[in-house]
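So the structure is just underneath, and the comments pick up after that.
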Amino acid sequence: MDGSSTERRARLENLLHLARVSRGISRAKLARSLGRDPTKILPDSGNPKIDYVVKLAEVLEWPVGDVVDAIWKGHSPTQDPAPATDESFESLNRLLLDAIGGGRFREAVGIAQRMFSVARTAEERAHACVREAAGWDGLGRYAKVEDAARRGLGQSGMSLRLRLVLQATLANAQYALWDLVPALGTCEVLARWYEENPPERRREFKRVAYVRYVRGNTLRRLAATEPERAELHAAAAKRDLEYAADLYTSLAEELGEPALEALAHTCRGGLIELETMIGTRGPEEAVEEIVGVIEGADLSESAHGDWIESIGWWCVFGSSIALRHLEGRALQRAVQCLVNRGLEVAERADQWALRERLFSLQFQLHRTVEEATGLDLQLSLDDRTRANITGAMGRFPRFSETGWHMLETAHVIPSQREGVDA
């Protein structure tokens, strides 16, 4: 047995002991819970099968992922994410900023975890968590963003500035995962704070705009999912997104940051959807305007990444409007056009939140057409799309059921692009 197998076996044995002690059960009862013979409760290989891991997680009352980490990575959920190193916090921070700037988000996560391990103060540990969350955000792993933000918020003695940043990070992750009520609650606290304590420096108003952006979009989603309060939510969302759009636009001009104008553009797309909910704009006119903007958008290699992502969100807004208000061929043409364009953008930007929304809207159109025609229609998916659907399922628990329906009922077609590794 090699060294790594020996170490895994030892870690697994420790977990089994912890399970017995924490639950106060005998070895025989633990074996029954794991579906094992009491004399062979520990797999010889130290490499347990998935059903064993799931059952052990149930006994420990841990998430399955934490049990996997404890066995294969050698740390529990309460331990530091990485061992201490001889590197300095400052040098690691420089490496991390370079990794994020180059889009190497997985590398950034590893560096941030090393930063946490060498941090000397609560401020530095919280700062490392902010950096780690940014890396996970770039990978579309919003549950990991939540974990990093919560770990950061658990550091006592950090500055107010970092606490506000971590709270905003947490709210956005909750919004992305469709945990809308917690996201709204976090945003409410932040928005109230900034109303009573406006920043002293103009640059810091980016954080104010961001909170209103997240709260406005959270309310926009709540307006679609809580019909009994749709009018109330939509009106509040409209106020927030108008405020955020205006503030982002002025900050973009003053600070010379085009990414902020892209965020303002995304706000304006969300406002079009809200206006159709409120009834101040006709849905046909709204979809026509959105399609016109998307068809005229510059998606060349030289286009700014934030602008490209904004176009993807306009595809989401337009598809949502069409599915809510249009029928027949007009509905199919609009959603097919917008979803296909949006998926091109999501692939270009490698944006998982966009993928999740667009796949959901694509499936919603499929179901709508089936119900209208009475036909049992089949989705056609290439290998690349199937891989992306699988990736979205792992990142967004709410999407999992839809993803399984798509994968289990789809007709598989060859990849549309040569050289794509599915």
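We label chains A, B, ... in the order they appear in the structure tokens, count residues from 1 in each chain, and number ligands from 1 in the order shown.
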Shell of 8 Å around Ala191 (chain A), only C-alpha atoms, local chain residues under 6 positions omitted, as number ranges by chain
A: 208, 211-212
When DSSP works through the backbone of this structure, what residues of region 244-304 of chain A end up as helix (DSSP H, G or I), shown as a VMD selection string?
chain A and resid 244 to 255 258 to 278 283 to 295
What lies within 10 Å of Leu30 (chain A) using only C-alpha atoms, ignoring chain neighbours under 4 positions off, as a list in words?
Leu16, His17, Ala19, Arg20, Arg23, Gly24, Ile25, Ser26, Leu34, Gly35, Arg36, Asp37, Pro38, Ile41, Lys55, Leu56 and Val59 of chain A
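Restricting the calculation to only C-alpha atoms, the smallest distance between Arg141 (chain A) and any of A:Gln362, A:Gln174, A:Pro43, A:Phe116 is found for A:Gln174.
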Asn47 (chain A): which residues within 8 Å, counting only C-alpha atoms, same-chain residues fewer than 5 positions away excluded, as a PyMOL selection string?
chain A and resi 5+8-9
Would you save the residues from that selection as a PDB file, in the first residue's frame, using N, CA, C and O atoms?
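Now in out30.pdb:
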ATOM      1  N   SER A   5      -2.205   6.127   0.176  1.00  0.00           N
ATOM      2  CA  SER A   5      -3.293   5.235   0.585  1.00  0.00           C
ATOM      3  C   SER A   5      -3.258   5.010   2.090  1.00  0.00           C
ATOM      4  O   SER A   5      -4.304   4.955   2.753  1.00  0.00           O
ATOM      5  N   ARG A   8      -4.675   8.106   3.696  1.00  0.00           N
ATOM      6  CA  ARG A   8      -6.137   8.159   3.546  1.00  0.00           C
ATOM      7  C   ARG A   8      -6.808   7.186   4.509  1.00  0.00           C
ATOM      8  O   ARG A   8      -7.836   7.499   5.109  1.00  0.00           O
ATOM      9  N   ARG A   9      -6.222   6.009   4.626  1.00  0.00           N
ATOM     10  CA  ARG A   9      -6.810   5.002   5.521  1.00  0.00           C
ATOM     11  C   ARG A   9      -6.787   5.492   6.967  1.00  0.00           C
ATOM     12  O   ARG A   9      -7.764   5.303   7.710  1.00  0.00           O
TER      13      ARG A   9
END
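Residues in contact range of Arg106 (chain A), defined as at most 12 Å between only C-alpha atoms, with sequence neighbours fewer than 4 positions away removed, read Leu96, Ala99, Ile100, Gly102, Gly110, Ile111, Ala112, Gln113, Arg131, Glu132, Ala133, Ala134, Gly135, Trp136, Asp137, Gly138, Leu139, Gly140 and Arg141 of chain A.
Distance annotation: of A:Lys144, A:Ala168, A:Arg324, A:Leu338, the residue with the minimal separation from Val293 (chain A) is A:Leu338; atom set is only C-alpha atoms.
The residue set within 10 Å of Arg239 (chain A), counting only C-alpha atoms and dropping same-chain residues fewer than 4 places from it, reads Arg212, Gly216, Ala234, Ala235, Tyr243, Ala244 and Leu271 of chain A.
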Prev. selection, N, CA, C and O atoms, output as a PDB file, in the first residue's frame:
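The resulting part.pdb:
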ATOM      1  N   ARG A 212     -26.725  48.389  -4.353  1.00  0.00           N
ATOM      2  CA  ARG A 212     -28.012  48.675  -4.982  1.00  0.00           C
ATOM      3  C   ARG A 212     -28.230  47.790  -6.217  1.00  0.00           C
ATOM      4  O   ARG A 212     -29.353  47.391  -6.530  1.00  0.00           O
ATOM      5  N   GLY A 216     -31.291  45.375  -6.258  1.00  0.00           N
ATOM      6  CA  GLY A 216     -32.249  45.570  -7.337  1.00  0.00           C
ATOM      7  C   GLY A 216     -32.494  44.294  -8.123  1.00  0.00           C
ATOM      8  O   GLY A 216     -33.644  43.957  -8.452  1.00  0.00           O
ATOM      9  N   ALA A 234     -41.209  44.755  -7.884  1.00  0.00           N
ATOM     10  CA  ALA A 234     -40.771  45.359  -9.144  1.00  0.00           C
ATOM     11  C   ALA A 234     -40.528  46.861  -8.990  1.00  0.00           C
ATOM     12  O   ALA A 234     -39.555  47.403  -9.530  1.00  0.00           O
ATOM     13  N   ALA A 235     -41.411  47.538  -8.259  1.00  0.00           N
ATOM     14  CA  ALA A 235     -41.249  48.978  -8.060  1.00  0.00           C
ATOM     15  C   ALA A 235     -39.974  49.279  -7.269  1.00  0.00           C
ATOM     16  O   ALA A 235     -39.217  50.210  -7.602  1.00  0.00           O
ATOM     17  N   TYR A 243     -31.020  53.865  -9.676  1.00  0.00           N
ATOM     18  CA  TYR A 243     -29.985  54.499  -8.858  1.00  0.00           C
ATOM     19  C   TYR A 243     -28.607  53.951  -9.221  1.00  0.00           C
ATOM     20  O   TYR A 243     -27.655  54.709  -9.428  1.00  0.00           O
ATOM     21  N   ALA A 244     -28.499  52.615  -9.299  1.00  0.00           N
ATOM     22  CA  ALA A 244     -27.209  51.984  -9.605  1.00  0.00           C
ATOM     23  C   ALA A 244     -26.727  52.359 -10.994  1.00  0.00           C
ATOM     24  O   ALA A 244     -25.538  52.655 -11.194  1.00  0.00           O
ATOM     25  N   LEU A 271     -33.939  46.930 -16.137  1.00  0.00           N
ATOM     26  CA  LEU A 271     -35.045  47.890 -16.058  1.00  0.00           C
ATOM     27  C   LEU A 271     -36.072  47.655 -17.163  1.00  0.00           C
ATOM     28  O   LEU A 271     -37.283  47.831 -16.942  1.00  0.00           O
TER      29      LEU A 271
END
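Take CA of Gly391 (chain A) and CA of Ala176 (chain A): the distance between them is 15.0 Å.
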Interatomic distance between CA of Val109 (chain A) and CA of Leu97 (chain A)?
10.9 Å
